[in-house]
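Notes follow the structure.
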Amino acid sequence: MQAYNKFRKHVFSLFSYNINSTTSLLLVIILLLSFSFASPGLFRYVSAFIHIVSPEKEEAVPAGSSLTISGNSDDNPQFNCKVLIIVNDKRPYQETIPVRPGDYSKWTFVVTPQYTEIQEGINTITSKATCDSQYEPVLKLDPLTKEYVKYYGINVTGMPSGELSSQEPFVFQAPGENSREEGGDGTVGGEGEDGK
């Protein structure tokens, strides 16, 4: 609240001086941007170029089975980029499947036992965008490959598949919905204490 009041005070003080509207607007934008970058998560993907959307960071996933990874990037048909994946540093990087040929704005990859398996515990998934030119400032030149690259990684937790599926949701059963019928006296089958 204190930050908001300070912000409001600065904004109103800008308009009390004889500053032209363009300068005032520019100052307000700068203030808003400084506040937005100070609060993490507000612009979650600002100029990151590449993201893993699924699974989410720190998500529990089944160990030892296939896992579909999906993501997006700022790539478009005019860029000459591709997206690669590596799981638990199992080289080489694997090619992902673009949404359309040459368009990695959305992409997927399926982790299969032929490549590697999701292990029990922490697993690292890293996506790598490679481009032939620096289409955005966040792409950095790799001196070995002479390509412009950007990485984005997450960790997921591999759990035994039995532990993931054993957590059944609680279902409230209304009276009379049990597989066994209750008698009027609260005992199963309507029998009293003497078994009659």
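If you're wondering about the labels, chains in the structure tokens are A, B, ... by order shown, residues count from 1 in each chain, ligands from 1 in order shown.
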Q. Please, which residues of segment 30-141 of chain A, numbered as in this document, come out helix (DSSP H, G or I) from DSSP, as a PyMOL selection string?
A. chain A and resi 30-38
Print the selection's residues with N, CA and C atoms to a file, as a PDB file, in the first residue's frame.
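So the final result, stored in part_12.pdb, reads:
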ATOM      1  N   ILE A  30       7.435   4.843 -17.553  1.00  0.00           N
ATOM      2  CA  ILE A  30       8.666   4.411 -16.885  1.00  0.00           C
ATOM      3  C   ILE A  30       8.372   3.974 -15.457  1.00  0.00           C
ATOM      4  N   LEU A  31       7.549   4.721 -14.746  1.00  0.00           N
ATOM      5  CA  LEU A  31       7.183   4.340 -13.380  1.00  0.00           C
ATOM      6  C   LEU A  31       6.438   3.011 -13.356  1.00  0.00           C
ATOM      7  N   LEU A  32       5.491   2.842 -14.258  1.00  0.00           N
ATOM      8  CA  LEU A  32       4.740   1.588 -14.301  1.00  0.00           C
ATOM      9  C   LEU A  32       5.649   0.403 -14.609  1.00  0.00           C
ATOM     10  N   LEU A  33       6.552   0.581 -15.542  1.00  0.00           N
ATOM     11  CA  LEU A  33       7.475  -0.502 -15.871  1.00  0.00           C
ATOM     12  C   LEU A  33       8.387  -0.830 -14.696  1.00  0.00           C
ATOM     13  N   SER A  34       8.849   0.184 -13.989  1.00  0.00           N
ATOM     14  CA  SER A  34       9.727  -0.095 -12.846  1.00  0.00           C
ATOM     15  C   SER A  34       8.974  -0.843 -11.756  1.00  0.00           C
ATOM     16  N   PHE A  35       7.700  -0.512 -11.526  1.00  0.00           N
ATOM     17  CA  PHE A  35       6.906  -1.245 -10.546  1.00  0.00           C
ATOM     18  C   PHE A  35       6.604  -2.657 -11.021  1.00  0.00           C
ATOM     19  N   SER A  36       6.351  -2.827 -12.314  1.00  0.00           N
ATOM     20  CA  SER A  36       6.007  -4.155 -12.809  1.00  0.00           C
ATOM     21  C   SER A  36       7.194  -5.107 -12.739  1.00  0.00           C
ATOM     22  N   PHE A  37       8.400  -4.608 -12.983  1.00  0.00           N
ATOM     23  CA  PHE A  37       9.560  -5.478 -12.896  1.00  0.00           C
ATOM     24  C   PHE A  37       9.962  -5.734 -11.451  1.00  0.00           C
ATOM     25  N   ALA A  38       9.570  -4.838 -10.551  1.00  0.00           N
ATOM     26  CA  ALA A  38       9.864  -5.041  -9.133  1.00  0.00           C
ATOM     27  C   ALA A  38       8.962  -6.105  -8.523  1.00  0.00           C
TER      28      ALA A  38
END
Q: Name the residues in contact with Pro55 of chain A at a cut-off of 9 Å, using only C-alpha atoms, excluding same-chain residues fewer than 2 positions from it; report them as a list in words.
A: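 The residues that qualify are Ile52, Val53, Lys57, Glu58, Glu59, Ala60, Val61, Leu67, Thr68, Ile69, Ser70, Ile154 and Val156 of chain A.
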Write a file of the selected residues as a PDB file, in the first residue's frame, keeping N, CA and C atoms.
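File again_29.pdb, as written:
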ATOM      1  N   ILE A  52       8.630 -23.588 -21.435  1.00  0.00           N
ATOM      2  CA  ILE A  52       8.029 -24.913 -21.305  1.00  0.00           C
ATOM      3  C   ILE A  52       6.717 -24.696 -20.564  1.00  0.00           C
ATOM      4  N   VAL A  53       5.622 -25.081 -21.203  1.00  0.00           N
ATOM      5  CA  VAL A  53       4.295 -24.853 -20.638  1.00  0.00           C
ATOM      6  C   VAL A  53       3.828 -26.064 -19.830  1.00  0.00           C
ATOM      7  N   LYS A  57       6.659 -26.148 -13.719  1.00  0.00           N
ATOM      8  CA  LYS A  57       7.808 -26.221 -12.816  1.00  0.00           C
ATOM      9  C   LYS A  57       7.427 -26.959 -11.545  1.00  0.00           C
ATOM     10  N   GLU A  58       8.310 -27.845 -11.102  1.00  0.00           N
ATOM     11  CA  GLU A  58       8.169 -28.598  -9.850  1.00  0.00           C
ATOM     12  C   GLU A  58       6.974 -29.562  -9.843  1.00  0.00           C
ATOM     13  N   GLU A  59       6.374 -29.827 -10.985  1.00  0.00           N
ATOM     14  CA  GLU A  59       5.225 -30.733 -11.047  1.00  0.00           C
ATOM     15  C   GLU A  59       5.669 -32.177 -10.801  1.00  0.00           C
ATOM     16  N   ALA A  60       4.820 -32.957 -10.137  1.00  0.00           N
ATOM     17  CA  ALA A  60       5.060 -34.378  -9.952  1.00  0.00           C
ATOM     18  C   ALA A  60       4.580 -35.101 -11.206  1.00  0.00           C
ATOM     19  N   VAL A  61       5.458 -35.926 -11.784  1.00  0.00           N
ATOM     20  CA  VAL A  61       5.138 -36.656 -13.009  1.00  0.00           C
ATOM     21  C   VAL A  61       5.465 -38.136 -12.785  1.00  0.00           C
ATOM     22  N   LEU A  67       6.457 -39.131 -21.232  1.00  0.00           N
ATOM     23  CA  LEU A  67       6.030 -37.814 -20.758  1.00  0.00           C
ATOM     24  C   LEU A  67       5.999 -36.871 -21.954  1.00  0.00           C
ATOM     25  N   THR A  68       4.879 -36.201 -22.151  1.00  0.00           N
ATOM     26  CA  THR A  68       4.768 -35.213 -23.224  1.00  0.00           C
ATOM     27  C   THR A  68       5.135 -33.846 -22.680  1.00  0.00           C
ATOM     28  N   ILE A  69       6.076 -33.212 -23.341  1.00  0.00           N
ATOM     29  CA  ILE A  69       6.512 -31.861 -22.989  1.00  0.00           C
ATOM     30  C   ILE A  69       6.003 -30.939 -24.080  1.00  0.00           C
ATOM     31  N   SER A  70       5.415 -29.828 -23.690  1.00  0.00           N
ATOM     32  CA  SER A  70       4.959 -28.861 -24.691  1.00  0.00           C
ATOM     33  C   SER A  70       5.395 -27.473 -24.269  1.00  0.00           C
ATOM     34  N   ILE A 154      13.305 -26.304 -16.550  1.00  0.00           N
ATOM     35  CA  ILE A 154      12.471 -26.529 -15.376  1.00  0.00           C
ATOM     36  C   ILE A 154      12.921 -27.830 -14.713  1.00  0.00           C
ATOM     37  N   VAL A 156      11.200 -31.184 -12.699  1.00  0.00           N
ATOM     38  CA  VAL A 156       9.981 -31.917 -12.344  1.00  0.00           C
ATOM     39  C   VAL A 156      10.396 -33.051 -11.423  1.00  0.00           C
TER      40      VAL A 156
END
Q. Pick the closest to Ile125 of chain A from A:Pro98, A:Gly64, A:Gly153, A:Pro160: which is it, counting only C-alpha atoms?
A.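 So, comparing all the options, the nearest one is A:Gly153.
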**Q.** Which of A:Glu120, A:Lys90, A:Thr96, A:Tyr152 sits closest to Leu139 of chain A [using only C-alpha atoms]
**A.**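 Closest to Leu139 of chain A of all the choices is A:Tyr152.
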(Q) Using only C-alpha atoms, which protein or nucleic acid residues come within 7 Å of segment 130-138 of chain A? Drop anything in the same chain fewer than 6 positions from it, and give the result as a list in words. (A)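 So the residues in contact are Ser47, Ala48, Asn80, Cys81, Lys82, Val83, Glu147, Tyr148, Val149 and Lys150 of chain A.
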(Q) For a test of reading the model, state the distance in Å between atom CA of Arg100 of chain A and atom CA of Gln78 of chain A, rounded to one decimal. (A)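 Between atom CA of Arg100 of chain A and atom CA of Gln78 of chain A the gap is 12.7 Å.
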Q: Choose the residue, out of A:Asp75, A:Glu117, A:Asp89, A:Ser127, that has the smallest atom-to-atom separation from Gly102 of chain A; count only C-alpha atoms.
A: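 Of all the options, A:Asp75 lies closest to Gly102 of chain A.
With distances restricted to only C-alpha atoms, A:Ala129 is the closest residue to Ser105 of chain A from A:Leu141, A:Met159, A:Ala129, A:Ala63.
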Q. From the set A:Gln94, A:Phe79, A:Thr157, A:Thr126, which residue has the shortest atom-to-atom contact distance to Gln114 of chain A, counting only C-alpha atoms?
A.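 Answer, going by the shortest atom-to-atom distance: A:Gln94.
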I need the residues in segment 72-169 of chain A that are strand (DSSP E or B) according to DSSP; give them as a PDB file with N, CA and C atoms, in the first residue's frame.
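New file part-v3.pdb:
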ATOM      1  N   ASN A  72       6.085 -23.103 -25.932  1.00  0.00           N
ATOM      2  CA  ASN A  72       5.908 -22.105 -26.980  1.00  0.00           C
ATOM      3  C   ASN A  72       7.145 -21.224 -27.040  1.00  0.00           C
ATOM      4  N   SER A  73       7.223 -20.459 -28.088  1.00  0.00           N
ATOM      5  CA  SER A  73       8.342 -19.536 -28.254  1.00  0.00           C
ATOM      6  C   SER A  73       7.862 -18.350 -29.074  1.00  0.00           C
ATOM      7  N   CYS A  81      14.295 -20.462 -36.909  1.00  0.00           N
ATOM      8  CA  CYS A  81      14.655 -21.002 -35.599  1.00  0.00           C
ATOM      9  C   CYS A  81      14.144 -22.431 -35.475  1.00  0.00           C
ATOM     10  N   LYS A  82      14.659 -23.134 -34.472  1.00  0.00           N
ATOM     11  CA  LYS A  82      14.111 -24.432 -34.112  1.00  0.00           C
ATOM     12  C   LYS A  82      14.269 -24.594 -32.605  1.00  0.00           C
ATOM     13  N   VAL A  83      13.531 -25.549 -32.041  1.00  0.00           N
ATOM     14  CA  VAL A  83      13.570 -25.786 -30.598  1.00  0.00           C
ATOM     15  C   VAL A  83      14.030 -27.217 -30.358  1.00  0.00           C
ATOM     16  N   LEU A  84      14.975 -27.353 -29.447  1.00  0.00           N
ATOM     17  CA  LEU A  84      15.520 -28.647 -29.065  1.00  0.00           C
ATOM     18  C   LEU A  84      15.272 -28.868 -27.571  1.00  0.00           C
ATOM     19  N   ILE A  85      15.297 -30.134 -27.158  1.00  0.00           N
ATOM     20  CA  ILE A  85      15.048 -30.502 -25.752  1.00  0.00           C
ATOM     21  C   ILE A  85      16.155 -31.428 -25.285  1.00  0.00           C
ATOM     22  N   ILE A  86      16.493 -31.291 -24.017  1.00  0.00           N
ATOM     23  CA  ILE A  86      17.386 -32.251 -23.372  1.00  0.00           C
ATOM     24  C   ILE A  86      16.801 -32.564 -21.993  1.00  0.00           C
ATOM     25  N   VAL A  87      16.792 -33.843 -21.623  1.00  0.00           N
ATOM     26  CA  VAL A  87      16.255 -34.274 -20.333  1.00  0.00           C
ATOM     27  C   VAL A  87      17.386 -34.910 -19.542  1.00  0.00           C
ATOM     28  N   GLN A  94      17.439 -33.254 -28.427  1.00  0.00           N
ATOM     29  CA  GLN A  94      16.448 -33.895 -29.286  1.00  0.00           C
ATOM     30  C   GLN A  94      15.598 -32.830 -29.977  1.00  0.00           C
ATOM     31  N   GLU A  95      15.231 -33.100 -31.222  1.00  0.00           N
ATOM     32  CA  GLU A  95      14.386 -32.157 -31.955  1.00  0.00           C
ATOM     33  C   GLU A  95      12.941 -32.266 -31.486  1.00  0.00           C
ATOM     34  N   ILE A  97       8.727 -31.234 -32.114  1.00  0.00           N
ATOM     35  CA  ILE A  97       7.794 -31.209 -33.247  1.00  0.00           C
ATOM     36  C   ILE A  97       7.122 -29.837 -33.274  1.00  0.00           C
ATOM     37  N   PRO A  98       7.316 -29.066 -34.345  1.00  0.00           N
ATOM     38  CA  PRO A  98       6.700 -27.734 -34.413  1.00  0.00           C
ATOM     39  C   PRO A  98       5.209 -27.828 -34.741  1.00  0.00           C
ATOM     40  N   VAL A  99       4.491 -26.749 -34.426  1.00  0.00           N
ATOM     41  CA  VAL A  99       3.056 -26.695 -34.710  1.00  0.00           C
ATOM     42  C   VAL A  99       2.793 -26.807 -36.216  1.00  0.00           C
ATOM     43  N   ARG A 100       3.670 -26.224 -37.019  1.00  0.00           N
ATOM     44  CA  ARG A 100       3.656 -26.326 -38.482  1.00  0.00           C
ATOM     45  C   ARG A 100       5.110 -26.383 -38.924  1.00  0.00           C
ATOM     46  N   ASP A 103       7.613 -23.589 -37.973  1.00  0.00           N
ATOM     47  CA  ASP A 103       6.981 -22.661 -37.031  1.00  0.00           C
ATOM     48  C   ASP A 103       6.983 -23.282 -35.633  1.00  0.00           C
ATOM     49  N   TYR A 104       7.933 -22.855 -34.818  1.00  0.00           N
ATOM     50  CA  TYR A 104       8.070 -23.379 -33.460  1.00  0.00           C
ATOM     51  C   TYR A 104       7.396 -22.473 -32.433  1.00  0.00           C
ATOM     52  N   SER A 105       6.396 -21.699 -32.855  1.00  0.00           N
ATOM     53  CA  SER A 105       5.682 -20.864 -31.881  1.00  0.00           C
ATOM     54  C   SER A 105       5.007 -21.749 -30.829  1.00  0.00           C
ATOM     55  N   LYS A 106       4.637 -22.960 -31.217  1.00  0.00           N
ATOM     56  CA  LYS A 106       4.174 -24.001 -30.291  1.00  0.00           C
ATOM     57  C   LYS A 106       4.859 -25.287 -30.716  1.00  0.00           C
ATOM     58  N   TRP A 107       5.276 -26.074 -29.726  1.00  0.00           N
ATOM     59  CA  TRP A 107       6.022 -27.280 -30.034  1.00  0.00           C
ATOM     60  C   TRP A 107       5.751 -28.343 -28.983  1.00  0.00           C
ATOM     61  N   THR A 108       6.062 -29.601 -29.329  1.00  0.00           N
ATOM     62  CA  THR A 108       5.906 -30.712 -28.395  1.00  0.00           C
ATOM     63  C   THR A 108       7.080 -31.673 -28.538  1.00  0.00           C
ATOM     64  N   PHE A 109       7.249 -32.473 -27.505  1.00  0.00           N
ATOM     65  CA  PHE A 109       8.259 -33.528 -27.518  1.00  0.00           C
ATOM     66  C   PHE A 109       7.773 -34.608 -26.560  1.00  0.00           C
ATOM     67  N   VAL A 110       7.925 -35.867 -26.952  1.00  0.00           N
ATOM     68  CA  VAL A 110       7.534 -36.974 -26.083  1.00  0.00           C
ATOM     69  C   VAL A 110       8.800 -37.693 -25.622  1.00  0.00           C
ATOM     70  N   VAL A 111       8.986 -37.709 -24.295  1.00  0.00           N
ATOM     71  CA  VAL A 111      10.103 -38.446 -23.708  1.00  0.00           C
ATOM     72  C   VAL A 111       9.726 -39.922 -23.728  1.00  0.00           C
ATOM     73  N   GLY A 121      12.579 -38.871  -8.405  1.00  0.00           N
ATOM     74  CA  GLY A 121      13.311 -37.720  -7.863  1.00  0.00           C
ATOM     75  C   GLY A 121      13.318 -36.568  -8.850  1.00  0.00           C
ATOM     76  N   ILE A 122      14.291 -35.695  -8.687  1.00  0.00           N
ATOM     77  CA  ILE A 122      14.370 -34.474  -9.497  1.00  0.00           C
ATOM     78  C   ILE A 122      14.886 -34.797 -10.902  1.00  0.00           C
ATOM     79  N   ASN A 123      14.176 -34.272 -11.901  1.00  0.00           N
ATOM     80  CA  ASN A 123      14.545 -34.394 -13.319  1.00  0.00           C
ATOM     81  C   ASN A 123      14.611 -32.994 -13.905  1.00  0.00           C
ATOM     82  N   THR A 124      15.645 -32.740 -14.707  1.00  0.00           N
ATOM     83  CA  THR A 124      15.814 -31.441 -15.337  1.00  0.00           C
ATOM     84  C   THR A 124      15.425 -31.533 -16.803  1.00  0.00           C
ATOM     85  N   ILE A 125      14.561 -30.609 -17.222  1.00  0.00           N
ATOM     86  CA  ILE A 125      14.157 -30.521 -18.628  1.00  0.00           C
ATOM     87  C   ILE A 125      14.588 -29.146 -19.123  1.00  0.00           C
ATOM     88  N   THR A 126      15.387 -29.117 -20.188  1.00  0.00           N
ATOM     89  CA  THR A 126      15.883 -27.855 -20.729  1.00  0.00           C
ATOM     90  C   THR A 126      15.498 -27.744 -22.192  1.00  0.00           C
ATOM     91  N   SER A 127      14.862 -26.633 -22.536  1.00  0.00           N
ATOM     92  CA  SER A 127      14.558 -26.343 -23.939  1.00  0.00           C
ATOM     93  C   SER A 127      15.590 -25.335 -24.446  1.00  0.00           C
ATOM     94  N   LYS A 128      15.877 -25.434 -25.726  1.00  0.00           N
ATOM     95  CA  LYS A 128      16.892 -24.570 -26.332  1.00  0.00           C
ATOM     96  C   LYS A 128      16.369 -24.092 -27.681  1.00  0.00           C
ATOM     97  N   ALA A 129      16.245 -22.785 -27.821  1.00  0.00           N
ATOM     98  CA  ALA A 129      15.893 -22.203 -29.118  1.00  0.00           C
ATOM     99  C   ALA A 129      17.190 -21.855 -29.830  1.00  0.00           C
ATOM    100  N   THR A 130      17.309 -22.260 -31.074  1.00  0.00           N
ATOM    101  CA  THR A 130      18.473 -21.905 -31.882  1.00  0.00           C
ATOM    102  C   THR A 130      17.984 -21.180 -33.132  1.00  0.00           C
ATOM    103  N   CYS A 131      18.610 -20.056 -33.425  1.00  0.00           N
ATOM    104  CA  CYS A 131      18.196 -19.237 -34.571  1.00  0.00           C
ATOM    105  C   CYS A 131      19.427 -18.840 -35.375  1.00  0.00           C
ATOM    106  N   LYS A 140      21.393 -15.010 -27.609  1.00  0.00           N
ATOM    107  CA  LYS A 140      22.836 -14.743 -27.492  1.00  0.00           C
ATOM    108  C   LYS A 140      23.620 -15.660 -28.434  1.00  0.00           C
ATOM    109  N   LEU A 141      24.693 -15.136 -28.987  1.00  0.00           N
ATOM    110  CA  LEU A 141      25.514 -15.885 -29.931  1.00  0.00           C
ATOM    111  C   LEU A 141      26.300 -16.974 -29.204  1.00  0.00           C
ATOM    112  N   TYR A 148      22.365 -18.255 -32.704  1.00  0.00           N
ATOM    113  CA  TYR A 148      21.831 -17.469 -31.595  1.00  0.00           C
ATOM    114  C   TYR A 148      20.918 -18.377 -30.782  1.00  0.00           C
ATOM    115  N   VAL A 149      21.132 -18.419 -29.467  1.00  0.00           N
ATOM    116  CA  VAL A 149      20.435 -19.390 -28.628  1.00  0.00           C
ATOM    117  C   VAL A 149      19.794 -18.726 -27.420  1.00  0.00           C
ATOM    118  N   LYS A 150      18.804 -19.409 -26.894  1.00  0.00           N
ATOM    119  CA  LYS A 150      18.163 -19.038 -25.632  1.00  0.00           C
ATOM    120  C   LYS A 150      17.710 -20.331 -24.980  1.00  0.00           C
ATOM    121  N   TYR A 151      17.975 -20.490 -23.681  1.00  0.00           N
ATOM    122  CA  TYR A 151      17.615 -21.689 -22.938  1.00  0.00           C
ATOM    123  C   TYR A 151      16.498 -21.381 -21.959  1.00  0.00           C
ATOM    124  N   TYR A 152      15.699 -22.396 -21.671  1.00  0.00           N
ATOM    125  CA  TYR A 152      14.676 -22.292 -20.627  1.00  0.00           C
ATOM    126  C   TYR A 152      14.539 -23.668 -20.006  1.00  0.00           C
ATOM    127  N   GLY A 153      14.729 -23.756 -18.698  1.00  0.00           N
ATOM    128  CA  GLY A 153      14.693 -25.060 -18.043  1.00  0.00           C
ATOM    129  C   GLY A 153      13.764 -25.092 -16.847  1.00  0.00           C
ATOM    130  N   ILE A 154      13.305 -26.304 -16.550  1.00  0.00           N
ATOM    131  CA  ILE A 154      12.471 -26.529 -15.376  1.00  0.00           C
ATOM    132  C   ILE A 154      12.921 -27.830 -14.713  1.00  0.00           C
ATOM    133  N   ASN A 155      12.523 -28.011 -13.470  1.00  0.00           N
ATOM    134  CA  ASN A 155      12.688 -29.281 -12.773  1.00  0.00           C
ATOM    135  C   ASN A 155      11.308 -29.872 -12.537  1.00  0.00           C
ATOM    136  N   VAL A 156      11.200 -31.184 -12.699  1.00  0.00           N
ATOM    137  CA  VAL A 156       9.981 -31.917 -12.344  1.00  0.00           C
ATOM    138  C   VAL A 156      10.396 -33.051 -11.423  1.00  0.00           C
ATOM    139  N   THR A 157       9.445 -33.546 -10.644  1.00  0.00           N
ATOM    140  CA  THR A 157       9.740 -34.626  -9.709  1.00  0.00           C
ATOM    141  C   THR A 157       9.111 -35.909 -10.212  1.00  0.00           C
ATOM    142  N   GLY A 158       9.959 -36.904 -10.486  1.00  0.00           N
ATOM    143  CA  GLY A 158       9.473 -38.210 -10.909  1.00  0.00           C
ATOM    144  C   GLY A 158       8.987 -38.993  -9.698  1.00  0.00           C
ATOM    145  N   MET A 159       7.754 -39.430  -9.748  1.00  0.00           N
ATOM    146  CA  MET A 159       7.144 -40.192  -8.658  1.00  0.00           C
ATOM    147  C   MET A 159       6.780 -41.577  -9.171  1.00  0.00           C
TER     148      MET A 159
END
